[in-house]
Amino acid sequence: MSATINILFYPKRRESDTDGKVIIYCRITLNSRRAEFSLRRSVNEQKWDSHSGKLRGTSEEVYNFNRFLDVVKNRLFKIYETLLNEGKGISAIKVKNTYLGKEGKEYMVLEIFKEHNGEIESLLGKGFTKGTLQRYKAAYVHVSDYITYKFQLKDIPVRSVDHKFITGLEFYLKSKKNLGHNTAIKYIVNFKKIIRIAYANEWIAKDPFFHWKASWKTKEKQYLTQTELDTLQNKTSFLPRLELVRDIFIFCCYTGLAYSDVKLLQFEHIVIGINGNRWIKMARKKTKAMSSIPLLPTSEKIIEKYSQHPHVLAGKGVLPVLTNQKSNAYLKEIADVCEINKNLTTHLARHTFATTVTLSKGVSIATVSKMLGHRSLKTTQIYAKVLDSKIGDEMNMLKERLAQEEKDFATSKNND
């Protein structure tokens, strides 16, 4: 016959308490045997309701404290159920000691997360980038904030994480942190790795992510049309700083290189390809996948234009690329000057290469995928879907043109 558990909260006055406040204790009773411990929280004795075992009132302070008591009770019940399911010896003392972390090592969520991030930081440049570290640090902050918001605690045992915690975290990121769907999912995927570490080390008995699957919303990627690209290329009245950023952007439009890759581009990455022309062959910084890109005439001209730039002469790279922040700021100015009503960013150039420069000109999707350094053809197929909408727009224009031609023909026939 299984043991029965009862949990009671009650105040205990000390001789030193002269301000009307009392310490709240927790009493665990299992089959008539008791174990007690202090919650180390003091409350106004006059507000304590001994019948409900909670504070009376409707203030935010009362609400938060009563929610804290609910969290404590739920954790104790969960410990009780775990011990019961594991078939281990169970007693009020054992439940208490497990809660207080005295029954062996108690692995905590944020402690594991912090150790993981420290390991990534020590391996920067050896398989991990600063961007990866920043994402995990941001995920740590979000999970920490959620634990404080939900449980009124600084940390919780990793065994307390369940499917409800995960879905609650997702809702919190979207509703309280105002994050977009995909951004919220990315942070939960980061957190998933931490839980997988705990599961692999057998610090938890089962994977709470087993029934959770990341769902991504596909966004239609923006790109420049051929007319917009021509306008950008042919514009001459630029300030020198804007002209430089424009040229680097155009270079990316005709090579498909991401900002991080064009910044790292060295002359050693430019080789003679199978057709006797110059190619860029380099591993992408993000995925380490190899990109193989024949250099088009426009790209060759930009390389030649900056061949005598101090940055290039010093051997720092093929092109004098500014920081990503400055480049994106200047691209907004460039868009205004060229009257392009799109959010120009360094990455939009890569989208333009995939759509306007290659796929729309008949280059096969497999070839484009190889040039972009995609590991999966599915990633490249997103651009093909973008072009479907472009085809629809162009067919509508064709319909209008045919209608106009029919109208003009009818008018000329009537005049005859």
# chains A, B, ... in the order shown; residues from 1 in each chain; ligands from 1

call {"tool": "select_by_dssp", "arguments": {"residues": "range 113-201 of chain A", "states": "helix (DSSP H, G or I)", "output": "number ranges by chain"}}
result
A: 113-122, 130-151, 158-160, 163-175, 181-200

call {"tool": "residues_around", "arguments": {"residues": "Lys73 in chain A", "least_positions_apart": "2", "cutoff": "10 Å", "atoms": "only C-alpha atoms", "output": "VMD selection string"}}
result
chain A and resid 6 to 9 26 28 67 to 71 75 to 79

call {"tool": "closest_atom_pairs", "arguments": {"of": "range 78-152 of chain A", "to": "range 186-193 of chain A", "cutoff": "8 Å", "atoms": "only C-alpha atoms", "output": "CSV"}}
result
residue,atom,partner,partner_atom,distance
A:Arg135,CA,A:Tyr187,CA,7.5
A:Tyr136,CA,A:Asn190,CA,6.3
A:Ala138,CA,A:Tyr187,CA,7.9
A:Ala139,CA,A:Tyr187,CA,5.2
A:Tyr140,CA,A:Phe191,CA,7.7
A:Val143,CA,A:Phe191,CA,7.8

call {"tool": "closest_residue", "arguments": {"among": "A:His347, A:Thr231, A:Ser175, A:Ala384", "to": "Gly362 in chain A", "atoms": "only C-alpha atoms"}}
result
A:Ala384

call {"tool": "atom_distance", "arguments": {"atom1": "CA of Lys301 in chain A", "atom2": "CA of Gly256 in chain A"}}
result
16.1 Å

call {"tool": "atom_distance", "arguments": {"atom1": "CA of Leu229 in chain A", "atom2": "CA of Ile365 in chain A"}}
result
21.2 Å
